[in-house]
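Have a look at the structure below before the remarks.
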Amino acid sequence: MSKKNEVSFFDGKGLRNDGRRLDELRPIELEVGVLDNASGSALIRQGGNRILVGVFGPREIHPKHLALPNRATLRCRYHMAPFSVEDRKHPAPSRRETEISKVIREALEPVVFTEYYPRTTIDVYIEVLEANGGTRCSGITAASLALADAGVPMRDLVVACASGKVGGKIVLDLNDFEDKYGEADMPVAILPHLDRVLLLQMDGNLTPKEFHEALDLAIEGSKRIYEMQKKALRDSYPIPDEPQEEEVVEVEK
Amino acid sequence: MSKKNEVSFFDGKGLRNDGRRLDELRPIELEVGVLDNASGSALIRQGGNRILVGVFGPREIHPKHLALPNRATLRCRYHMAPFSVEDRKHPAPSRRETEISKVIREALEPVVFTEYYPRTTIDVYIEVLEANGGTRCSGITAASLALADAGVPMRDLVVACASGKVGGKIVLDLNDFEDKYGEADMPVAILPHLDRVLLLQMDGNLTPKEFHEALDLAIEGSKRIYEMQKKALRDSYPIPDEPQEEEVVEVEK
Amino acid sequence: MSKKNEVSFFDGKGLRNDGRRLDELRPIELEVGVLDNASGSALIRQGGNRILVGVFGPREIHPKHLALPNRATLRCRYHMAPFSVEDRKHPAPSRRETEISKVIREALEPVVFTEYYPRTTIDVYIEVLEANGGTRCSGITAASLALADAGVPMRDLVVACASGKVGGKIVLDLNDFEDKYGEADMPVAILPHLDRVLLLQMDGNLTPKEFHEALDLAIEGSKRIYEMQKKALRDSYPIPDEPQEEEVVEVEK
Amino acid sequence: MSVTPSESTISSLARKRVEELLGEGKRLDGRELTQCREFEVETDLIGTAEGSAQVKLGKTIVLVGIKAGTGEPFPDTPDQGVLTVNAELVPIASPNFETGPPREGAIELARVVDRSLRESKIVDLEKLCLVPGKAVYVIFVDIYVLNHDGNLIDASVLAALSALMKTKLPKYTAKKDGTVTRKSGHSELKIQNMPISLTTGKIGESLLFDPSLEEEEIMDSRITMTFDSEGNVRAMQKGGHGVFTTEELKTLVSTAGEKTSEIRDRLKELIK
Amino acid sequence: MSVTPSESTISSLARKRVEELLGEGKRLDGRELTQCREFEVETDLIGTAEGSAQVKLGKTIVLVGIKAGTGEPFPDTPDQGVLTVNAELVPIASPNFETGPPREGAIELARVVDRSLRESKIVDLEKLCLVPGKAVYVIFVDIYVLNHDGNLIDASVLAALSALMKTKLPKYTAKKDGTVTRKSGHSELKIQNMPISLTTGKIGESLLFDPSLEEEEIMDSRITMTFDSEGNVRAMQKGGHGVFTTEELKTLVSTAGEKTSEIRDRLKELIK
Amino acid sequence: MSVTPSESTISSLARKRVEELLGEGKRLDGRELTQCREFEVETDLIGTAEGSAQVKLGKTIVLVGIKAGTGEPFPDTPDQGVLTVNAELVPIASPNFETGPPREGAIELARVVDRSLRESKIVDLEKLCLVPGKAVYVIFVDIYVLNHDGNLIDASVLAALSALMKTKLPKYTAKKDGTVTRKSGHSELKIQNMPISLTTGKIGESLLFDPSLEEEEIMDSRITMTFDSEGNVRAMQKGGHGVFTTEELKTLVSTAGEKTSEIRDRLKELIK
């Protein structure tokens with residue numbers, strides 16, 4: 001996050017470089033059940049992000065010494081395709097990917113009823129196919145849908161959204177340009193109906209007051225995405241014996 | 001295989017750059033039982049190729065999870081010495097070596113009676129000490145002798161020879177220069193008395209008709225090498241109670 | 001060891017570049033029990049060397065196939081901190097570190113009563129925090145104290161010191177400058193009261209006679225360090241029911 | 001080191017049933033022996049890539065992204081651009097794929113696709129030279145397998161070809177000393193050939209085109225043949241622990257050549 | 001791939017006892033919930049480093065060594081020096097640390113320290129440029145954990161800050177073409193901010209500053225907040241498999257900010 | 001990390017028998033204690049190498065190939081060529097060798113051979129400089145062990161020396177800026193010393209020259225001493241978990257020195 005003096009973040013009308021208002025999310029499309037071999041899967045497109053998540057398990061774990069006697073092991077990999085970024089990414093895992101895999105796993109741990117499946121593993125593979133800022137949040141949002149699609153019991157859906165500060169203002173859901181040149185970026189993941197924070201990272205510069213504001217905004221934005229998640233699941237699993245809501249359409253699988 | 005316009009492959013008499021006719025093999029020397037510690041071994045010199053093969057096993061397999069309940073595991077490594085090529089090769093295995101190890105293993109799989117030795121491994125180590133084109137074929141020819149020397153029961157000897165196209169003509173047993181600058185190279189391995197193809201790779205440019213011609217030539221060349229293989233084995237294991245053929249000589253071991 | 005013509009090793013009085021006489025050790029400080037989590041530990045400062053050694057065990061060994069049925073496994077790592085040398089050292093283990101780990105382990109093997117602890121491991125971690133020549137010897141001297149601090153039974157303390165040849169003279173305990181530009185360096189480790197050589201390496205140029213002289217000097221120097229080792233242990237473990245010697249002070253732990 | 005893989009868990013009974021079906025010229029999914037699965041192509045779906053295509057061949061899904069930049073040429077081809085093919089079998093694609101460095105399967109896949117493209121001279125590498133010996137275009141073809149339902153090679157060749165056909169090269173100005181600076185705009189990457197591969201599986205004595213995963217798990221061997229736009233063979237690769245007769249191979253060169261011609265026509269329709 | 005670690009061996013009984021204590025506002029080592037352990041700093045103890053500091057936070061010992069040299073800048077920041085943070089959890093520090101390449105714990109530690117330093121602009125990277133695009137200062141911050149008794153992040157930030165404050169840069173003359181030669185002498189590395197992190201552990205409903213190893217082994221989660229000299233937040237990192245409420249986080253930003261201010265004052269006293 | 005190897009499977013009974021034999025001054029293969037095995041040398045057998053030699057010492061076979069090219073010098077020795085020694089214990093040589101990166105045994109072997117060559121100044125590295133600081137000859141000495149029957153160090157030193165004695169350097173023209181182009185022809189690499197190593201094994205109280213594999217498997221320790229053409233010591237390396245007395249070492253320096261002189265004379269005969 002290096003602030004350049006020449007950078008301007010807002011147009012004459014106070015709109016952001018991609019035409020959004022300060023508290024506006026990027027356009028989001030969610031699709032559930034997009035892969036055949038995975039136990040569960042989801043695709044998220046959020047602005048310029050395109051991320052595919054596949055979940056396998058609960059299944060037998062190899063090597064066996066990773067098995068836990070009283071719960072399922074959770075394994076999580078956040079991984080970027082070589083062509084997902086401007087300069088080709090080398091296929092070997094970077095330190096950044098290793099850290100993000102860890103914080104995502106830790107965000108999912110409190111949500112999954114791992115105690116139902118002792119000695120097994122639940123594997124969450126997050127493949128970033130195209131990246132344009134905020135991929136860890138998009139990845140968590142999709143991972144949660146993929147877990148639901150796999151039938152893994154969870155306390156609630158997990159949903160994530162970043163807030164931050166650009167050009168002196170607190171904004172929602174930063175894109176890559178805002179992340180790079182803005183003053184602060186703060187990814188947040190929450191359990192929406194319990195209002196619990198599962199992931200929180202921040203880098204940049206915020207006063208304590210700005211932090212309060214940014215946290216509230218990230219949670220508010222997350223809740224909006226939560227509604228989209230629920231709709232995506234409903235669309236994917238239409239319940240025939242209940243009167244169907246109008247917007248339910250058969251999702252391409 | 002990049003064709004250069006200036007390259008000439010034949011002299012005034014239509015002979016190749018090393019003096020051979022189109023369907024002529026490079027000079028081949030085969031020696032069996034050249035290493036003390038290996039269960040079986042063979043050395044092949046074919047033109048500028050010098051390749052040593054050692055076979056170990058059937059023996060216990062480590063790690064044990066590689067053991068197969070109803071057959072022996074076959075393990076095969078094709079490996080080039082750093083000094084075997086013009087520009088020193090780094091000792092770490094290259095992608096090329098990995099692929100060649102696989103196709104050689106797959107060429108040997110149908111030949112070995114692996115079902116006689118369940119839960120064991122038979123290890124085939126091919127060390128290319130000097131390379132001058134067609135090393136995978138020379139390696140297979142020698143590996144088959146080393147397996148025989150180790151007493152591993154086989155359906156037949158495996159023998160391999162490349163054919164290809166240089167200067168518009170179908171030729172046998174390409175050397176490095178012909179492989180690099182010619183139009184096509186096609187390594188073939190066969191079970192000679194059953195006329196079965198165990199390995200087939202090709203890169204370059206052949207019409208379907210040229211492919212037929214090249215395949216026939218590679219098989220014909222392989223069968224000539226097969227005779228040399230059998231002689232090398234006879235030389236190495238003279239049978240004293242039968243009237244010995246004249247050419248049987250004691251091989252240096 | 002490349003001799004430069006311009007290099008001068010002695011001043012007008014015949015003293016070495018750090019003011020020492022030919023047979024003089026660098027100043028040595030030894031501290032025992034400096035780490036909390038290790039079973040035993042020691043810090044050595046010898047001239048510009050600062051080396052920390054931690055010993056763990058005897059303890060369970062992982063992976064289990066390294067367990068030996070009739071003795072403890074000894075594992076030893078000599079490792080340099082990135083900032084311990086003039087040009088930052090990459091954290092990955094170098095070939096030099098691998099070799100030194102081996103010769104140090106082999107120097108400790110004859111000394112530890114490994115037969116008392118079958119199927120366990122004793123791990124010796126030598127961390128070079130600052131290096132100025134002769135670190136393998138300093139490391140051994142400290143490792144021996146750390147083993148004693150861990151309560152691992154030993155036949156005797158091990159002690160090490162290099163001798164060598166600089167500017168045509170046999171000298172004791174070479175510093176980095178003398179090691180780099182001098183004519184020979186010879187690290188030696190011994191069992192002092194049995195007069196046995198546990199480690200011996202040499203590179204440079206010595207006549208057989210000079211070798212005799214250098215070996216005697218290294219052993220003589222080692223024995224002086226041995227006295228310091230014993231004092232460091234006494235200081236660290238004051239025996240209250242015996243009349244304490246005056247110099248016994250409580251060591252900071 | 002290449003190691004015999006552990007056997008698939010399919011019972012010999014299942015295999016027997018498949019062989020009986022094949023004896024009658026039928027396949028598990030109802031296809032004829034020489035019938036390939038339908039395929040779809042979607043291009044330009046990755047904004048960060050200079051070219052991209054996703055191919056669905058039955059339920060097999062392969063995504064290829066092209067990254068193009070500049071770099072130094074190889075010393076032995078100072079006047080040629082660099083084309084590199086890489087394949088990742090990412091673990092979302094199959095319960096049997098694992099994380100970690102590429103294994104022999106991924107390496108073989110990448111190398112067969114590489115040869116199919118390279119030997120057919122799909123791009124003129126000499127046109128990708130900026131300053132001889134100093135600066136050339138470097139093009140990465142990254143194969144990303146998203147769902148594995150058999151025949152990854154053919155799906156990958158299709159996706160790589162489609163992605164390259166849609167690739168736009170960033171423009172550069174280059175100084176004699178090899179210094180390169182980006183200038184605005186893109187130019188199309190010119191494709192001079194359309195290599196299409198066809199993989200044939202062998203189960204018992206039956207030869208079947210475009211094997212599905214179910215078929216791959218019991219098949220004895222496979223042979224991949226890549227044909228160029230003129231119907232000539234540019235690359236071949238036999239795989240598996242079984243054998244082919246010379247007659248089988250000679251016959252295949254004709255039938256497979258025709259089939260790839262149909263596939264090429266279909267692809268042209270799909271991504272014109 | 002990140003994997004659920006195997007559980008600590010502490011019995012649920014032990015955990016219950018700790019929770020009871022915490023219910024009464026007490027901790028195992030007698031501290032109050034918002035009380036950090038005392039720390040000591042020793043600087044300039046590594047002669048081969050351009051800067052060094054060893055911090056003892058309770059029984060946790062972290063040594064940081066700074067190596068400074070020259071190298072090429074990153075292509076996207078041609079006029080800035082390079083600052084790199086690396087952490088090694090060497091096996092002398094804990095029976096649970098192992099030899100081998102850094103694992104996710106060490107990587108997270110290095111990256112959180114890196115962000116704490118970088119985001120607070122502890123050094124002006126533009127002042128570390130020698131020849132734009134060609135030669136810049138390259139500064140390695142190597143974190144070496146010598147004894148692990150909990151809260152490695154805060155101890156490492158303290159040690160890294162202290163070491164940088166004592167760092168002396170070797171002087172160089174640089175030619176336009178990027179050729180650099182060492183000249184005699186050193187200059188002080190100018191520090192323009194003093195970032196201090198505070199890590200808070202959560203056990204049940206209790207929040208406790210500067211958790212010890214005993215506490216870490218049973219805590220549900222942790223949150224690290226790094227404050228600059230003005231009391232603003234520069235970096236945050238939540239860890240662990242538990243959760244925080246928004247109220248907890250908002251309250252913490254205030255109390256932690258004050259606490260880091262005290263720590264900063266104490267550090268100034270110690271290494272002035 | 002160096003780890004105690006698992007014990008050889010030789011029974012203590014076998015060891016006892018060997019010790020008894022040694023007590024009578026006899027060895028398993030009938031040699032005297034200070035008798036080395038006969039050796040043969042074949043040179044120039046690898047056409048792609050700039051120099052090569054295969055040494056058979058008893059049944060131990062070591063092949064050394066020399067590759068010579070050009071590259072940059074090390075920053076601290078800008079006017080010296082680069083000599084690099086590498087060893088591979090390829091798995092054909094012994095049922096106990098494995099594929100994979102070199103382990104401590106191979107690394108120790110390479111480093112002891114390296115020191116034997118380097119410390120005796122076998123080649124004048126300054127004569128291998130083309131353009132100071134920019135371009136020098138880079139010589140790779142690759143040790144390839146083909147059959148392991150004991151005493152790899154001595155066989156490798158012999159093979160490396162022989163290969164270097166037969167090495168022909170390709171000629172280059174070099175410009176001031178370090179640009180190097182191959183010109184036709186070769187020149188002989190000038191050897192200015194002939195280092196010979198002798199390794200002595202110790203079993204119980206007996207010292208035996210040139211231990212065979214059978215002896216290595218039960219011996220307590222070994223000491224390698226490398227002597228130059230003048231009879232001076234250039235390198236030493238003790239190995240194994242046993243000890244030597246100072247008297248043993250002092251005596252060995254004399255007897256081993258004489259023995260290496262005989263070996264050197266024999267080598268001169270073989271490859272003149």
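Here's how to read the names in the structure tokens: chain A, B, ... by the order shown, residue numbers from 1 in each chain, ligand numbers from 1 in the order shown.
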Point to revise | Counting only C-alpha atoms, chain E residues within 6 Å of chain A, as a ChimeraX atom specification | key: /E:1-4,108,119,232-238,240-245
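For E:Ser206, the list of residues within 12 Å, based on only C-alpha atoms and with local chain neighbours fewer than 2 positions off taken out, reads Val18, Glu19, Glu20, Leu21, Leu22, Gly23, Glu24, Gly25, Lys26, Arg27, Glu32, Leu33, Thr34, Thr200, Gly201, Lys202, Ile203, Gly204, Leu208, Phe209, Pro211, Glu215, Met219, Asp220, Ser221, Arg222, Phe244, Thr245 and Glu248 of chain E.
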Exercise for review: Run DSSP on the backbone of this structure and report the residues of stretch 52-239 of chain B it assigns to alpha helix (DSSP H), as a PyMOL selection string.
Suggested key: chain B and resi 95-108+135-149+176-181+208-236
Determine, using only C-alpha atoms, which residues of chain E have any atom at most 12 Å from an atom of chain F, and tabulate each with its shortest atom pair and distance in Å to one decimal place, rows ordered by chain and then rising number, as CSV.
```
residue,atom,partner,partner_atom,distance
E:Pro91,CA,F:Met1,CA,11.3
E:Glu98,CA,F:Met1,CA,10.5
E:Thr99,CA,F:Met1,CA,7.7
E:Gly100,CA,F:Met1,CA,9.1
```
Writer output for current selection, N, CA, C and O atoms, as an mmCIF file, in the first residue's frame:
```cif
data_model
loop_
_atom_site.group_PDB
_atom_site.id
_atom_site.type_symbol
_atom_site.label_atom_id
_atom_site.label_comp_id
_atom_site.auth_asym_id
_atom_site.auth_seq_id
_atom_site.Cartn_x
_atom_site.Cartn_y
_atom_site.Cartn_z
ATOM 1 N N PRO E 91 15.080 -24.627 16.044
ATOM 2 C CA PRO E 91 14.605 -25.667 16.962
ATOM 3 C C PRO E 91 15.136 -25.557 18.387
ATOM 4 O O PRO E 91 14.622 -26.262 19.254
ATOM 5 N N GLU E 98 10.790 -27.405 14.394
ATOM 6 C CA GLU E 98 11.562 -28.399 13.653
ATOM 7 C C GLU E 98 12.492 -27.733 12.663
ATOM 8 O O GLU E 98 12.305 -26.574 12.301
ATOM 9 N N THR E 99 13.491 -28.491 12.229
ATOM 10 C CA THR E 99 14.349 -27.982 11.165
ATOM 11 C C THR E 99 13.572 -28.042 9.863
ATOM 12 O O THR E 99 12.522 -28.655 9.786
ATOM 13 N N GLY E 100 14.082 -27.421 8.857
ATOM 14 C CA GLY E 100 13.416 -27.449 7.555
ATOM 15 C C GLY E 100 12.924 -26.082 7.153
ATOM 16 O O GLY E 100 13.095 -25.114 7.890
#
```
Review point. Can you tell me, as a PyMOL selection string, what residues are no more than 12 Å from B:Lys230 when counting only C-alpha atoms, ignoring any on the same chain fewer than 3 positions away?
Key: chain B and resi 30-32+141-142+144-145+148-149+156-159+192+223-227+233-238+248
Take the residues from that selection and put them in a file with N, CA and C atoms, as a CSV table (one decimal), in the first residue's frame.
```
chain,number,residue,atom,x,y,z
B,30,LEU,N,27.2,-54.2,-27.2
B,30,LEU,CA,26.4,-54.5,-26.0
B,30,LEU,C,27.3,-55.4,-25.1
B,31,GLU,N,27.2,-55.0,-23.8
B,31,GLU,CA,27.9,-55.8,-22.8
B,31,GLU,C,27.0,-56.1,-21.7
B,32,VAL,N,27.0,-57.3,-21.2
B,32,VAL,CA,26.0,-57.7,-20.1
B,32,VAL,C,26.8,-58.0,-18.9
B,141,THR,N,16.9,-50.8,-24.9
B,141,THR,CA,17.6,-51.9,-25.4
B,141,THR,C,18.5,-52.5,-24.3
B,142,ALA,N,19.2,-51.6,-23.6
B,142,ALA,CA,20.1,-52.0,-22.6
B,142,ALA,C,19.3,-52.5,-21.3
B,144,SER,N,16.6,-53.9,-21.1
B,144,SER,CA,16.0,-55.3,-21.3
B,144,SER,C,17.1,-56.3,-21.1
B,145,LEU,N,18.3,-56.0,-21.5
B,145,LEU,CA,19.5,-56.9,-21.2
B,145,LEU,C,19.8,-57.0,-19.7
B,148,ALA,N,17.3,-59.2,-18.1
B,148,ALA,CA,17.6,-60.6,-18.3
B,148,ALA,C,18.8,-61.0,-17.5
B,149,ASP,N,19.8,-60.2,-17.4
B,149,ASP,CA,21.0,-60.5,-16.6
B,149,ASP,C,20.6,-60.6,-15.1
B,156,ASP,N,9.6,-61.6,-23.5
B,156,ASP,CA,10.5,-61.5,-24.6
B,156,ASP,C,11.5,-60.4,-24.3
B,157,LEU,N,12.6,-60.3,-25.0
B,157,LEU,CA,13.4,-59.1,-24.8
B,157,LEU,C,12.6,-57.9,-25.4
B,158,VAL,N,12.8,-56.7,-24.9
B,158,VAL,CA,12.3,-55.5,-25.5
B,158,VAL,C,13.5,-54.9,-26.3
B,159,VAL,N,13.1,-54.3,-27.4
B,159,VAL,CA,14.2,-53.6,-28.2
B,159,VAL,C,13.6,-52.4,-28.8
B,192,PRO,N,9.8,-58.0,-30.0
B,192,PRO,CA,10.1,-58.4,-31.4
B,192,PRO,C,9.4,-59.7,-31.9
B,223,LYS,N,14.5,-55.2,-35.0
B,223,LYS,CA,14.7,-56.6,-35.1
B,223,LYS,C,16.2,-57.0,-35.3
B,224,ARG,N,16.9,-56.1,-36.1
B,224,ARG,CA,18.3,-56.3,-36.2
B,224,ARG,C,19.0,-56.2,-34.9
B,225,ILE,N,18.6,-55.2,-34.1
B,225,ILE,CA,19.2,-55.0,-32.8
B,225,ILE,C,18.9,-56.2,-31.9
B,226,TYR,N,17.7,-56.7,-32.0
B,226,TYR,CA,17.3,-57.9,-31.3
B,226,TYR,C,18.3,-59.0,-31.4
B,227,GLU,N,18.8,-59.2,-32.6
B,227,GLU,CA,19.7,-60.3,-32.9
B,227,GLU,C,21.0,-60.0,-32.1
B,233,LEU,N,23.6,-61.8,-24.9
B,233,LEU,CA,23.3,-62.7,-23.8
B,233,LEU,C,24.0,-64.1,-23.9
B,234,ARG,N,24.0,-64.6,-25.1
B,234,ARG,CA,24.7,-65.9,-25.3
B,234,ARG,C,26.1,-65.8,-24.9
B,235,ASP,N,26.8,-64.7,-25.4
B,235,ASP,CA,28.2,-64.5,-25.1
B,235,ASP,C,28.4,-64.4,-23.6
B,236,SER,N,27.4,-63.8,-22.9
B,236,SER,CA,27.6,-63.6,-21.5
B,236,SER,C,27.3,-64.8,-20.7
B,237,TYR,N,26.5,-65.7,-21.2
B,237,TYR,CA,26.1,-67.0,-20.5
B,237,TYR,C,26.4,-68.2,-21.4
B,238,PRO,N,27.6,-68.5,-21.7
B,238,PRO,CA,27.9,-69.6,-22.6
B,238,PRO,C,27.4,-70.9,-21.9
B,248,VAL,N,31.0,-67.6,-29.8
B,248,VAL,CA,30.9,-67.3,-28.3
B,248,VAL,C,32.2,-67.0,-27.7
```
**Study point:** Selected residue of minimal separation from C:Phe83 among E:Ser12, E:Ser261, E:Thr43, E:Thr48, counting only C-alpha atoms
**Key:** E:Thr48
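Residues in contact with D:Ser197 at 6 Å, where only C-alpha atoms are counted and same-chain residues fewer than 2 positions away are skipped, are listed as D:Asp154, D:Met225, D:Thr226.
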Practice item. For B:Arg16, list every protein, DNA or RNA residue within 10 Å, evaluated using only C-alpha atoms, and leave out those in the same chain fewer than 4 positions away; present the list as a ChimeraX atom specification. Key: /B:8-12,20-22,24,166-167,171,174-175,178
C:Arg88: which residues within 9 Å, counting only C-alpha atoms, same-chain residues fewer than 5 positions away excluded, as a PDB file with N, CA, C and O atoms, in the first residue's frame?
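And here is the file that came out, around_5.pdb:
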```pdb
ATOM      1  N   ALA C  81      23.027 -18.351  11.391  1.00  0.00           N
ATOM      2  CA  ALA C  81      22.009 -17.309  11.234  1.00  0.00           C
ATOM      3  C   ALA C  81      22.375 -16.466  10.010  1.00  0.00           C
ATOM      4  O   ALA C  81      23.557 -16.291   9.689  1.00  0.00           O
ATOM      5  N   PRO C  82      21.348 -15.946   9.331  1.00  0.00           N
ATOM      6  CA  PRO C  82      21.616 -15.162   8.111  1.00  0.00           C
ATOM      7  C   PRO C  82      22.549 -13.983   8.363  1.00  0.00           C
ATOM      8  O   PRO C  82      23.315 -13.597   7.488  1.00  0.00           O
ATOM      9  N   PHE C  83      22.489 -13.422   9.577  1.00  0.00           N
ATOM     10  CA  PHE C  83      23.273 -12.220   9.869  1.00  0.00           C
ATOM     11  C   PHE C  83      24.603 -12.544  10.527  1.00  0.00           C
ATOM     12  O   PHE C  83      25.298 -11.644  10.989  1.00  0.00           O
TER      13      PHE C  83
ATOM     14  N   ALA E  49      26.460  -8.033  11.935  1.00  0.00           N
ATOM     15  CA  ALA E  49      25.217  -7.437  11.442  1.00  0.00           C
ATOM     16  C   ALA E  49      25.341  -5.922  11.431  1.00  0.00           C
ATOM     17  O   ALA E  49      26.088  -5.340  12.207  1.00  0.00           O
ATOM     18  N   LYS E  67      20.892  -7.130   8.060  1.00  0.00           N
ATOM     19  CA  LYS E  67      21.967  -7.085   7.071  1.00  0.00           C
ATOM     20  C   LYS E  67      21.574  -6.064   6.007  1.00  0.00           C
ATOM     21  O   LYS E  67      20.445  -6.074   5.519  1.00  0.00           O
ATOM     22  N   ALA E  68      22.505  -5.182   5.691  1.00  0.00           N
ATOM     23  CA  ALA E  68      22.214  -4.163   4.683  1.00  0.00           C
ATOM     24  C   ALA E  68      23.267  -4.233   3.592  1.00  0.00           C
ATOM     25  O   ALA E  68      24.462  -4.287   3.863  1.00  0.00           O
ATOM     26  N   GLY E  69      22.815  -4.268   2.363  1.00  0.00           N
ATOM     27  CA  GLY E  69      23.719  -4.262   1.222  1.00  0.00           C
ATOM     28  C   GLY E  69      23.039  -3.535   0.085  1.00  0.00           C
ATOM     29  O   GLY E  69      22.142  -2.735   0.309  1.00  0.00           O
ATOM     30  N   PHE E 140      17.781  -6.622   4.990  1.00  0.00           N
ATOM     31  CA  PHE E 140      17.164  -7.850   5.475  1.00  0.00           C
ATOM     32  C   PHE E 140      16.958  -7.765   6.990  1.00  0.00           C
ATOM     33  O   PHE E 140      17.907  -7.509   7.732  1.00  0.00           O
TER      34      PHE E 140
END
```
Practice item. Please give the complete set of residues from stretch 97-172 of chain B that DSSP, run on the backbone, assigns to strand (DSSP E or B), formatted as a VMD selection string. Key: chain B and resid 112 120 to 130 154 159 to 166 169 to 172
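Distance-wise, atom CA of E:Ala155 and atom CA of E:Phe39 end up 8.6 Å apart.
Between atom CA of C:Glu130 and atom CA of E:Asp44 there is a distance of 11.6 Å.
With atom CA of C:Gly47 on one side and atom CA of C:Glu29 on the other, the separation reads 9.0 Å.
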